[in-house]
>>> print(open('model_10.txt').read())   # compact mmCIF, C-alpha atoms
# COMPACT_ATOMS: atom_id res chain seq x y z
CA MET C 1440 29.61 -27.42 -5.34
CA GLN C 1441 29.68 -24.34 -3.10
CA ARG C 1442 26.30 -23.00 -2.02
CA SER C 1443 25.56 -19.29 -2.34
CA ASP C 1444 25.61 -18.86 1.46
CA LYS C 1445 28.55 -21.26 1.93
CA ARG C 1446 26.51 -23.87 3.83
CA THR C 1447 27.28 -27.56 3.61
CA ALA C 1448 24.81 -29.78 1.73
CA ASP C 1449 23.16 -31.00 4.96
CA GLU C 1450 23.14 -27.68 6.83
CA LEU C 1451 20.07 -25.65 7.73
CA ARG C 1452 20.02 -21.92 7.31
CA GLN C 1453 20.29 -19.99 10.55
CA VAL C 1454 16.97 -20.41 12.38
CA THR C 1455 15.47 -18.01 14.91
CA MET C 1456 12.01 -18.19 16.47
CA ILE C 1457 10.55 -15.43 18.62
CA LYS C 1458 7.44 -16.33 20.61
CA ASP C 1459 4.73 -13.89 21.69
CA TYR C 1460 5.77 -11.57 18.86
CA ILE C 1461 2.25 -10.08 18.69
CA ILE C 1462 0.45 -9.44 21.98
CA TYR C 1463 -3.15 -10.15 20.90
CA PRO C 1464 -3.22 -13.75 19.57
CA GLU C 1465 -3.38 -16.75 21.89
CA GLY C 1466 -0.16 -17.91 20.23
CA SER C 1467 2.30 -15.90 18.15
CA VAL C 1468 5.67 -16.82 16.62
CA LEU C 1469 8.00 -15.02 14.22
CA ILE C 1470 10.35 -17.40 12.43
CA LYS C 1471 13.46 -16.43 10.50
CA MET C 1472 15.14 -19.06 8.33
CA GLY C 1473 17.97 -17.35 6.54
CA ASN C 1474 16.31 -14.47 4.71
CA THR C 1475 12.83 -16.01 4.87
CA VAL C 1476 10.67 -14.40 7.57
CA VAL C 1477 7.15 -15.58 8.46
CA LEU C 1478 4.78 -14.44 11.20
CA CYS C 1479 2.38 -17.13 12.49
CA ASN C 1480 -0.50 -16.17 14.80
CA ALA C 1481 -2.93 -18.62 16.41
CA THR C 1482 -6.49 -17.51 17.19
CA VAL C 1483 -8.96 -19.54 19.26
CA GLU C 1484 -12.67 -19.36 18.42
CA GLU C 1485 -15.49 -20.94 20.42
CA LYS C 1486 -17.08 -22.52 17.36
CA VAL C 1487 -16.42 -25.24 14.81
CA PRO C 1488 -17.35 -25.78 11.15
CA ARG C 1489 -20.92 -26.97 10.62
CA PHE C 1490 -19.90 -30.54 9.82
CA LEU C 1491 -18.44 -30.85 13.35
CA HIS C 1492 -21.43 -29.49 15.28
CA GLY C 1493 -22.39 -31.87 18.05
CA THR C 1494 -19.46 -34.23 17.52
CA GLY C 1495 -17.42 -33.00 20.47
CA LYS C 1496 -14.46 -32.47 18.15
CA GLY C 1497 -12.53 -29.29 17.45
CA TRP C 1498 -10.82 -28.03 14.31
CA VAL C 1499 -7.46 -26.61 13.29
CA THR C 1500 -7.01 -24.73 10.03
CA ALA C 1501 -4.65 -22.19 8.47
CA GLU C 1502 -4.52 -19.18 6.18
CA TYR C 1503 -1.41 -18.14 4.26
CA SER C 1504 -0.44 -14.98 2.44
CA LEU C 1505 2.54 -13.20 0.93
CA LEU C 1506 2.82 -9.52 1.82
CA PRO C 1507 3.07 -7.28 -1.27
CA ARG C 1508 6.81 -6.58 -0.92
CA SER C 1509 7.88 -9.87 0.61
CA THR C 1510 9.41 -10.69 -2.78
CA ALA C 1511 11.74 -8.91 -5.20
CA GLU C 1512 8.79 -7.46 -7.11
CA ARG C 1513 5.55 -6.27 -5.51
CA ASN C 1514 2.76 -8.85 -5.30
CA GLN C 1515 -0.75 -7.47 -5.60
CA ARG C 1516 -2.82 -8.32 -2.55
CA GLU C 1517 -5.16 -11.22 -3.23
CA ALA C 1518 -7.96 -9.28 -1.54
CA THR C 1519 -7.53 -6.64 -4.26
CA LYS C 1520 -7.68 -9.31 -6.95
CA GLY C 1521 -10.85 -10.69 -5.40
CA LYS C 1522 -9.64 -14.29 -5.24
CA GLN C 1523 -6.86 -16.48 -3.89
CA THR C 1524 -4.33 -18.05 -6.20
CA GLY C 1525 -4.15 -21.83 -6.53
CA ARG C 1526 -0.72 -21.69 -4.87
CA THR C 1527 -2.12 -19.94 -1.79
CA GLN C 1528 -4.99 -22.41 -1.46
CA GLU C 1529 -2.65 -25.39 -1.82
CA ILE C 1530 -0.21 -24.06 0.79
CA GLN C 1531 -2.79 -23.23 3.44
CA ARG C 1532 -4.41 -26.64 3.00
CA LEU C 1533 -0.99 -28.23 3.46
CA ILE C 1534 -0.40 -26.27 6.67
CA GLY C 1535 -3.84 -27.11 8.05
CA ARG C 1536 -3.75 -30.84 7.39
CA SER C 1537 -0.15 -31.07 8.64
CA LEU C 1538 -1.15 -29.53 11.97
CA ARG C 1539 -4.24 -31.72 12.28
CA SER C 1540 -2.07 -34.82 11.93
CA VAL C 1541 -0.66 -34.21 15.42
CA VAL C 1542 -3.78 -32.82 17.13
CA ASP C 1543 -6.30 -34.88 19.11
CA LEU C 1544 -9.41 -33.04 17.94
CA THR C 1545 -11.57 -34.73 20.58
CA ALA C 1546 -9.30 -33.53 23.38
CA LEU C 1547 -9.52 -30.04 21.88
CA GLY C 1548 -13.30 -30.01 22.22
CA GLU C 1549 -15.71 -27.99 20.10
CA GLN C 1550 -13.52 -24.99 19.40
CA SER C 1551 -11.40 -23.95 16.44
CA ILE C 1552 -7.84 -22.70 16.15
CA ILE C 1553 -6.98 -20.66 13.08
CA ILE C 1554 -3.32 -20.09 12.24
CA ASP C 1555 -2.57 -17.03 10.12
CA CYS C 1556 0.76 -17.33 8.29
CA ASP C 1557 1.96 -14.06 6.79
CA VAL C 1558 5.19 -14.07 4.82
CA LEU C 1559 7.07 -10.85 5.56
CA GLN C 1560 10.07 -11.78 3.44
CA ALA C 1561 10.40 -14.69 1.03
CA ASP C 1562 13.67 -16.39 0.15
CA GLY C 1563 12.53 -19.98 -0.35
CA GLY C 1564 10.89 -22.45 2.02
CA THR C 1565 8.02 -20.22 3.11
CA ARG C 1566 5.50 -23.07 3.39
CA THR C 1567 7.84 -25.28 5.44
CA ALA C 1568 8.83 -22.37 7.70
CA SER C 1569 5.12 -21.66 8.17
CA ILE C 1570 4.44 -25.23 9.30
CA THR C 1571 7.36 -25.23 11.74
CA ALA C 1572 6.37 -21.91 13.33
CA SER C 1573 2.64 -22.71 13.24
CA PHE C 1574 3.22 -25.73 15.42
CA VAL C 1575 4.87 -23.56 18.07
CA ALA C 1576 2.09 -20.95 17.86
CA LEU C 1577 -0.47 -23.75 18.20
CA ALA C 1578 1.29 -25.18 21.25
CA LEU C 1579 1.39 -21.74 22.88
CA ALA C 1580 -2.32 -21.23 22.23
CA LEU C 1581 -3.29 -24.65 23.56
CA ASP C 1582 -1.25 -24.13 26.71
CA LYS C 1583 -3.03 -20.82 27.28
CA ILE C 1584 -6.58 -22.14 26.86
CA LEU C 1585 -5.95 -25.52 28.50
CA PRO C 1586 -3.76 -24.93 31.57
CA GLU C 1587 -2.02 -28.03 32.85
CA ASN C 1588 -4.07 -28.25 36.03
CA GLU C 1589 -7.38 -28.08 34.17
CA THR C 1590 -7.06 -30.82 31.55
CA GLU C 1591 -6.18 -34.48 31.72
CA LYS C 1592 -4.92 -34.66 28.16
CA PHE C 1593 -3.01 -32.11 26.11
CA PRO C 1594 -4.32 -32.14 22.52
CA LEU C 1595 -0.88 -32.24 20.87
CA LYS C 1596 0.12 -35.86 20.24
CA ASP C 1597 3.58 -35.19 18.81
CA PHE C 1598 5.89 -32.49 17.51
CA LEU C 1599 5.71 -31.38 13.88
CA SER C 1600 8.17 -29.62 11.58
CA ALA C 1601 8.84 -29.26 7.87
CA ILE C 1602 11.78 -28.54 5.58
CA SER C 1603 12.61 -28.34 1.91
CA VAL C 1604 15.18 -30.49 0.14
CA GLY C 1605 16.14 -30.77 -3.48
CA ILE C 1606 18.68 -31.67 -6.12
CA VAL C 1607 20.70 -28.74 -7.45
CA ASN C 1608 23.44 -29.33 -10.00
CA GLU C 1609 22.90 -33.07 -9.44
CA LYS C 1610 23.59 -32.79 -5.70
CA PRO C 1611 20.98 -33.32 -2.95
CA LEU C 1612 20.75 -30.27 -0.66
CA LEU C 1613 18.88 -29.40 2.54
CA ASP C 1614 16.83 -26.24 3.09
CA LEU C 1615 16.88 -24.51 -0.30
CA CYS C 1616 17.03 -20.73 -0.53
CA TYR C 1617 15.31 -19.04 -3.47
CA ILE C 1618 18.33 -19.10 -5.79
CA GLU C 1619 18.70 -22.85 -5.24
CA ASP C 1620 14.99 -23.54 -5.41
CA SER C 1621 14.55 -21.66 -8.68
CA SER C 1622 17.29 -23.68 -10.37
CA ALA C 1623 16.67 -27.07 -8.73
CA GLU C 1624 16.27 -30.18 -10.85
CA VAL C 1625 14.14 -31.67 -8.06
CA ASP C 1626 12.21 -29.77 -5.41
CA MET C 1627 10.75 -31.56 -2.37
CA ASN C 1628 8.94 -30.52 0.81
CA ILE C 1629 8.95 -32.90 3.75
CA VAL C 1630 6.69 -32.75 6.82
CA MET C 1631 7.55 -35.03 9.75
CA THR C 1632 6.61 -35.71 13.36
CA GLY C 1633 8.96 -35.82 16.31
CA SER C 1634 8.71 -39.62 16.35
CA GLY C 1635 10.05 -39.77 12.80
CA GLN C 1636 6.79 -40.40 10.96
CA PHE C 1637 6.13 -38.75 7.61
CA VAL C 1638 3.06 -36.54 7.33
CA GLU C 1639 3.58 -35.38 3.77
CA VAL C 1640 6.21 -35.66 1.04
CA GLN C 1641 5.85 -33.40 -2.00
CA GLY C 1642 8.52 -34.06 -4.62
CA THR C 1643 8.71 -33.06 -8.26
CA GLY C 1644 11.31 -33.22 -10.99
CA GLU C 1645 11.69 -30.18 -13.26
CA GLU C 1646 12.77 -31.56 -16.64
CA TYR C 1647 14.60 -34.14 -14.53
CA THR C 1648 14.01 -37.55 -13.02
CA PHE C 1649 15.44 -38.92 -9.78
CA SER C 1650 16.42 -42.39 -8.65
CA LYS C 1651 15.45 -44.40 -5.58
CA GLU C 1652 18.93 -43.70 -4.22
CA GLU C 1653 18.52 -39.94 -4.67
CA LEU C 1654 15.06 -40.11 -3.11
CA ALA C 1655 16.48 -41.96 -0.09
CA GLU C 1656 19.21 -39.35 0.27
CA MET C 1657 16.72 -36.48 0.11
CA LEU C 1658 14.46 -38.16 2.68
CA ALA C 1659 17.44 -38.64 5.00
CA LEU C 1660 18.37 -34.97 4.62
CA GLY C 1661 14.78 -33.99 5.31
CA GLU C 1662 14.59 -36.12 8.43
CA LYS C 1663 17.82 -34.60 9.73
CA GLY C 1664 16.53 -31.08 9.12
CA CYS C 1665 13.12 -31.74 10.67
CA GLN C 1666 14.63 -33.22 13.82
CA GLU C 1667 16.99 -30.25 14.19
CA LEU C 1668 14.02 -27.89 13.89
CA ILE C 1669 12.13 -29.84 16.56
CA VAL C 1670 15.05 -29.35 18.93
CA LYS C 1671 14.65 -25.60 18.38
CA GLN C 1672 10.89 -25.85 18.92
CA LYS C 1673 11.47 -27.55 22.26
CA GLU C 1674 13.93 -24.84 23.27
CA ILE C 1675 11.48 -22.02 22.60
CA LEU C 1676 8.52 -23.83 24.20
CA GLY C 1677 10.38 -24.70 27.38
CA LYS C 1678 8.11 -26.46 29.88
CA ILE C 1679 5.23 -26.50 27.41
CA ALA C 1680 7.22 -28.97 25.33
CA GLU C 1681 6.92 -31.48 28.16
CA ARG C 1682 3.13 -31.53 27.69
CA VAL C 1683 3.31 -32.71 24.07
CA GLY C 1684 2.35 -36.37 23.74
CA LYS C 1685 0.95 -36.63 27.25
>>> encode(input="model_10.txt", output="structure tokens")
Amino acid sequence: MQRSDKRTADELRQVTMIKDYIIYPEGSVLIKMGNTVVLCNATVEEKVPRFLHGTGKGWVTAEYSLLPRSTAERNQREATKGKQTGRTQEIQRLIGRSLRSVVDLTALGEQSIIIDCDVLQADGGTRTASITASFVALALALDKILPENETEKFPLKDFLSAISVGIVNEKPLLDLCYIEDSSAEVDMNIVMTGSGQFVEVQGTGEEYTFSKEELAEMLALGEKGCQELIVKQKEILGKIAERVGK
């Protein structure tokens, strides 16, 4: 089977990350994965949710949105509708809990970091691209507020990335674009750490079932893609990458 963009089954789309894309946030990253483009901005606030008051722990959370013309047809702004869709709520919770899996909230102290993920252009994999870029934005923000000579422990315990995999025309594929995703028999999102641990695996068959062997192949593809993305994260972070896990 030939993919629409002529990639091999285990090949990522072309990935570009631009740091400090916006000048105001403590951390800002624009990620391009094929035709999917997401802007992730990290904001630091000197407060925490009420349930964390007095605990000495910080908090990391995320918000996610699709711009009105990020898709083929215009999406009405959720602010205009007066409520978020279930999809939006599910995705931003995924991003938040994925990031928290690699953050030492005690080392962060009683402050919050909010990551805003705005999809400028959607062509599949927006939630996984958001997680990958959010990690870089988070690392940039933490490095800014906790300079190396002022803290004994950097709050990031490990790297974090995410990628989509799926079965299309009975063949497991890595990093699905929209055409592939919309016709996939199985769609799966995989979130992993740099040490190879799984944070989340979301997999669903669409009028299709999948075997243990197919699951193993998709997980292997996902691990390969996540590790390749972490290499790119390290490249863009430079010396900051050396602080992760220390």
>>> closest_residue(input="model_10.txt", among="C:Leu1478, C:Leu1559, C:Ala1501, C:Ala1576", to="C:Glu1529", atoms="all atoms listed in the file")
C:Ala1501
>>> atom_distance(input="model_10.txt", atom1="atom CA of C:Gly1563", atom2="atom CA of C:Met1631")
18.8 Å
>>> residues_around(input="model_10.txt", residues="stretch 1636-1639 of chain C", least_positions_apart="6", cutoff="8 Å", atoms="only C-alpha atoms", output="ChimeraX atom specification")
/C:1537,1540,1628-1630
>>> closest_residue(input="model_10.txt", among="C:Gly1521, C:Phe1593, C:Val1625, C:Asp1459", to="C:Leu1613", atoms="all atoms listed in the file")
C:Val1625
>>> residues_near_point(input="model_10.txt", point="(18.8, -34.4, -8.7)", cutoff="6 Å", atoms="all atoms listed in the file", output="MDAnalysis selection string")
chainID C and resid 1606 1609:1610 1624:1625 1649
>>> atom_distance(input="model_10.txt", atom1="atom CA of C:Glu1484", atom2="atom CA of C:Ile1530")
22.1 Å
>>> closest_atom_pairs(input="model_10.txt", of="stretch 1464-1554 of chain C", to="stretch 1652-1676 of chain C", cutoff="12 Å", atoms="only C-alpha atoms", output="CSV")
residue,atom,partner,partner_atom,distance
C:Gly1466,CA,C:Leu1676,CA,11.2
C:Ser1467,CA,C:Leu1676,CA,11.8
C:Val1468,CA,C:Ile1675,CA,9.8
C:Leu1469,CA,C:Ile1675,CA,11.5
C:Ile1470,CA,C:Gln1672,CA,10.7
C:Lys1471,CA,C:Leu1668,CA,12.0
C:Met1472,CA,C:Leu1668,CA,10.5
>>> write_last_selection(input="model_10.txt", atoms="C-alpha atoms", output="PDB file, in the frame of the given file")
ATOM      1  CA  GLY C1466      -0.160 -17.910  20.230  1.00  0.00           C
ATOM      2  CA  SER C1467       2.300 -15.900  18.150  1.00  0.00           C
ATOM      3  CA  VAL C1468       5.670 -16.820  16.620  1.00  0.00           C
ATOM      4  CA  LEU C1469       8.000 -15.020  14.220  1.00  0.00           C
ATOM      5  CA  ILE C1470      10.350 -17.400  12.430  1.00  0.00           C
ATOM      6  CA  LYS C1471      13.460 -16.430  10.500  1.00  0.00           C
ATOM      7  CA  MET C1472      15.140 -19.060   8.330  1.00  0.00           C
TER       8      MET C1472
END
>>> residues_around(input="model_10.txt", residues="C:Val1541", least_positions_apart="2", cutoff="9 Å", atoms="all atoms listed in the file", output="PyMOL selection string")
chain C and resi 1537-1539+1543+1594-1599+1632
>>> write_last_selection(input="model_10.txt", atoms="C-alpha atoms", output="mmCIF file, keeping the file's coordinate frame")
data_model
loop_
_atom_site.group_PDB
_atom_site.id
_atom_site.type_symbol
_atom_site.label_atom_id
_atom_site.label_comp_id
_atom_site.auth_asym_id
_atom_site.auth_seq_id
_atom_site.Cartn_x
_atom_site.Cartn_y
_atom_site.Cartn_z
ATOM 1 C CA SER C 1537 -0.150 -31.070 8.640
ATOM 2 C CA LEU C 1538 -1.150 -29.530 11.970
ATOM 3 C CA ARG C 1539 -4.240 -31.720 12.280
ATOM 4 C CA ASP C 1543 -6.300 -34.880 19.110
ATOM 5 C CA PRO C 1594 -4.320 -32.140 22.520
ATOM 6 C CA LEU C 1595 -0.880 -32.240 20.870
ATOM 7 C CA LYS C 1596 0.120 -35.860 20.240
ATOM 8 C CA ASP C 1597 3.580 -35.190 18.810
ATOM 9 C CA PHE C 1598 5.890 -32.490 17.510
ATOM 10 C CA LEU C 1599 5.710 -31.380 13.880
ATOM 11 C CA THR C 1632 6.610 -35.710 13.360
#
>>> closest_residue(input="model_10.txt", among="C:Ile1552, C:Thr1545, C:Gln1453, C:Asp1626", to="C:Leu1579", atoms="all atoms listed in the file")
C:Ile1552
>>> closest_residue(input="model_10.txt", among="C:Pro1488, C:Ala1481, C:Ala1680, C:Ser1443", to="C:Tyr1463", atoms="all atoms listed in the file")
C:Ala1481
>>> closest_residue(input="model_10.txt", among="C:Asp1614, C:Glu1450, C:Glu1465, C:Glu1517", to="C:Ala1568", atoms="only C-alpha atoms")
C:Asp1614
>>> residues_around(input="model_10.txt", residues="C:Ser1504", least_positions_apart="4", cutoff="10 Å", atoms="all atoms listed in the file", output="ChimeraX atom specification")
/C:1477,1509,1516-1517,1523-1524,1526-1528,1530-1531,1555-1559,1565
>>> write_last_selection(input="model_10.txt", atoms="C-alpha atoms", output="PDB file, in the coordinates of the input")
ATOM      1  CA  VAL C1477       7.150 -15.580   8.460  1.00  0.00           C
ATOM      2  CA  SER C1509       7.880  -9.870   0.610  1.00  0.00           C
ATOM      3  CA  ARG C1516      -2.820  -8.320  -2.550  1.00  0.00           C
ATOM      4  CA  GLU C1517      -5.160 -11.220  -3.230  1.00  0.00           C
ATOM      5  CA  GLN C1523      -6.860 -16.480  -3.890  1.00  0.00           C
ATOM      6  CA  THR C1524      -4.330 -18.050  -6.200  1.00  0.00           C
ATOM      7  CA  ARG C1526      -0.720 -21.690  -4.870  1.00  0.00           C
ATOM      8  CA  THR C1527      -2.120 -19.940  -1.790  1.00  0.00           C
ATOM      9  CA  GLN C1528      -4.990 -22.410  -1.460  1.00  0.00           C
ATOM     10  CA  ILE C1530      -0.210 -24.060   0.790  1.00  0.00           C
ATOM     11  CA  GLN C1531      -2.790 -23.230   3.440  1.00  0.00           C
ATOM     12  CA  ASP C1555      -2.570 -17.030  10.120  1.00  0.00           C
ATOM     13  CA  CYS C1556       0.760 -17.330   8.290  1.00  0.00           C
ATOM     14  CA  ASP C1557       1.960 -14.060   6.790  1.00  0.00           C
ATOM     15  CA  VAL C1558       5.190 -14.070   4.820  1.00  0.00           C
ATOM     16  CA  LEU C1559       7.070 -10.850   5.560  1.00  0.00           C
ATOM     17  CA  THR C1565       8.020 -20.220   3.110  1.00  0.00           C
TER      18      THR C1565
END
>>> residues_near_point(input="model_10.txt", point="(20.2, -23.6, 6.7)", cutoff="10 Å", atoms="only C-alpha atoms", output="PyMOL selection string")
chain C and resi 1444-1454+1472-1473+1602+1612-1616+1664
>>> atom_distance(input="model_10.txt", atom1="atom CA of C:Lys1583", atom2="atom CA of C:Arg1682")
12.4 Å
>>> closest_residue(input="model_10.txt", among="C:Asn1474, C:Thr1455, C:Thr1494, C:Thr1482", to="C:Gly1548", atoms="all atoms listed in the file")
C:Thr1494
>>> residues_around(input="model_10.txt", residues="C:Thr1567", least_positions_apart="2", cutoff="7 Å", atoms="only C-alpha atoms", output="VMD selection string")
chain C and resid 1564 to 1565 1569 to 1571 1601 to 1603
>>> build_atoms(input="model_10.txt", residues="stretch 1639-1666 of chain C", atoms="N, CA and C atoms", output="mmCIF file, in the frame of the given file")
data_model
loop_
_atom_site.group_PDB
_atom_site.id
_atom_site.type_symbol
_atom_site.label_atom_id
_atom_site.label_comp_id
_atom_site.auth_asym_id
_atom_site.auth_seq_id
_atom_site.Cartn_x
_atom_site.Cartn_y
_atom_site.Cartn_z
ATOM 1 N N GLU C 1639 3.757 -35.684 5.191
ATOM 2 C CA GLU C 1639 3.580 -35.380 3.770
ATOM 3 C C GLU C 1639 4.948 -35.296 3.102
ATOM 4 N N VAL C 1640 5.011 -35.786 1.875
ATOM 5 C CA VAL C 1640 6.210 -35.660 1.040
ATOM 6 C C VAL C 1640 5.747 -35.169 -0.329
ATOM 7 N N GLN C 1641 6.183 -33.971 -0.697
ATOM 8 C CA GLN C 1641 5.850 -33.400 -2.000
ATOM 9 C C GLN C 1641 7.136 -33.293 -2.809
ATOM 10 N N GLY C 1642 7.278 -34.081 -3.833
ATOM 11 C CA GLY C 1642 8.520 -34.060 -4.620
ATOM 12 C C GLY C 1642 8.248 -34.061 -6.106
ATOM 13 N N THR C 1643 8.941 -33.184 -6.823
ATOM 14 C CA THR C 1643 8.710 -33.060 -8.260
ATOM 15 C C THR C 1643 10.020 -32.810 -8.997
ATOM 16 N N GLY C 1644 10.176 -33.481 -10.109
ATOM 17 C CA GLY C 1644 11.310 -33.220 -10.990
ATOM 18 C C GLY C 1644 10.947 -32.141 -11.997
ATOM 19 N N GLU C 1645 11.885 -31.238 -12.278
ATOM 20 C CA GLU C 1645 11.690 -30.180 -13.260
ATOM 21 C C GLU C 1645 12.580 -30.480 -14.456
ATOM 22 N N GLU C 1646 11.999 -31.090 -15.487
ATOM 23 C CA GLU C 1646 12.770 -31.560 -16.640
ATOM 24 C C GLU C 1646 13.898 -32.485 -16.180
ATOM 25 N N TYR C 1647 13.586 -33.284 -15.160
ATOM 26 C CA TYR C 1647 14.600 -34.140 -14.530
ATOM 27 C C TYR C 1647 13.885 -35.284 -13.852
ATOM 28 N N THR C 1648 14.521 -36.423 -13.795
ATOM 29 C CA THR C 1648 14.010 -37.550 -13.020
ATOM 30 C C THR C 1648 14.989 -37.833 -11.886
ATOM 31 N N PHE C 1649 14.532 -38.587 -10.882
ATOM 32 C CA PHE C 1649 15.440 -38.920 -9.780
ATOM 33 C C PHE C 1649 15.277 -40.391 -9.417
ATOM 34 N N SER C 1650 16.367 -40.959 -8.939
ATOM 35 C CA SER C 1650 16.420 -42.390 -8.650
ATOM 36 C C SER C 1650 15.963 -42.697 -7.228
ATOM 37 N N LYS C 1651 15.781 -43.977 -6.938
ATOM 38 C CA LYS C 1651 15.450 -44.400 -5.580
ATOM 39 C C LYS C 1651 16.553 -43.984 -4.612
ATOM 40 N N GLU C 1652 17.796 -44.067 -5.083
ATOM 41 C CA GLU C 1652 18.930 -43.700 -4.220
ATOM 42 C C GLU C 1652 18.905 -42.202 -3.904
ATOM 43 N N GLU C 1653 18.602 -41.390 -4.906
ATOM 44 C CA GLU C 1653 18.520 -39.940 -4.670
ATOM 45 C C GLU C 1653 17.336 -39.609 -3.771
ATOM 46 N N LEU C 1654 16.221 -40.309 -3.971
ATOM 47 C CA LEU C 1654 15.060 -40.110 -3.110
ATOM 48 C C LEU C 1654 15.414 -40.442 -1.664
ATOM 49 N N ALA C 1655 16.094 -41.553 -1.451
ATOM 50 C CA ALA C 1655 16.480 -41.960 -0.090
ATOM 51 C C ALA C 1655 17.396 -40.914 0.540
ATOM 52 N N GLU C 1656 18.292 -40.361 -0.265
ATOM 53 C CA GLU C 1656 19.210 -39.350 0.270
ATOM 54 C C GLU C 1656 18.465 -38.067 0.630
ATOM 55 N N MET C 1657 17.506 -37.684 -0.198
ATOM 56 C CA MET C 1657 16.720 -36.480 0.110
ATOM 57 C C MET C 1657 15.863 -36.693 1.366
ATOM 58 N N LEU C 1658 15.268 -37.877 1.490
ATOM 59 C CA LEU C 1658 14.460 -38.160 2.680
ATOM 60 C C LEU C 1658 15.319 -38.138 3.948
ATOM 61 N N ALA C 1659 16.530 -38.653 3.846
ATOM 62 C CA ALA C 1659 17.440 -38.640 5.000
ATOM 63 C C ALA C 1659 17.819 -37.208 5.369
ATOM 64 N N LEU C 1660 18.081 -36.381 4.362
ATOM 65 C CA LEU C 1660 18.370 -34.970 4.620
ATOM 66 C C LEU C 1660 17.174 -34.295 5.283
ATOM 67 N N GLY C 1661 15.985 -34.585 4.756
ATOM 68 C CA GLY C 1661 14.780 -33.990 5.310
ATOM 69 C C GLY C 1661 14.547 -34.391 6.759
ATOM 70 N N GLU C 1662 14.761 -35.656 7.052
ATOM 71 C CA GLU C 1662 14.590 -36.120 8.430
ATOM 72 C C GLU C 1662 15.573 -35.429 9.361
ATOM 73 N N LYS C 1663 16.806 -35.290 8.924
ATOM 74 C CA LYS C 1663 17.820 -34.600 9.730
ATOM 75 C C LYS C 1663 17.395 -33.157 10.007
ATOM 76 N N GLY C 1664 16.947 -32.465 8.954
ATOM 77 C CA GLY C 1664 16.530 -31.080 9.120
ATOM 78 C C GLY C 1664 15.327 -30.936 10.018
ATOM 79 N N CYS C 1665 14.332 -31.803 9.852
ATOM 80 C CA CYS C 1665 13.120 -31.740 10.670
ATOM 81 C C CYS C 1665 13.432 -31.973 12.145
ATOM 82 N N GLN C 1666 14.291 -32.939 12.426
ATOM 83 C CA GLN C 1666 14.630 -33.220 13.820
ATOM 84 C C GLN C 1666 15.404 -32.067 14.447
#
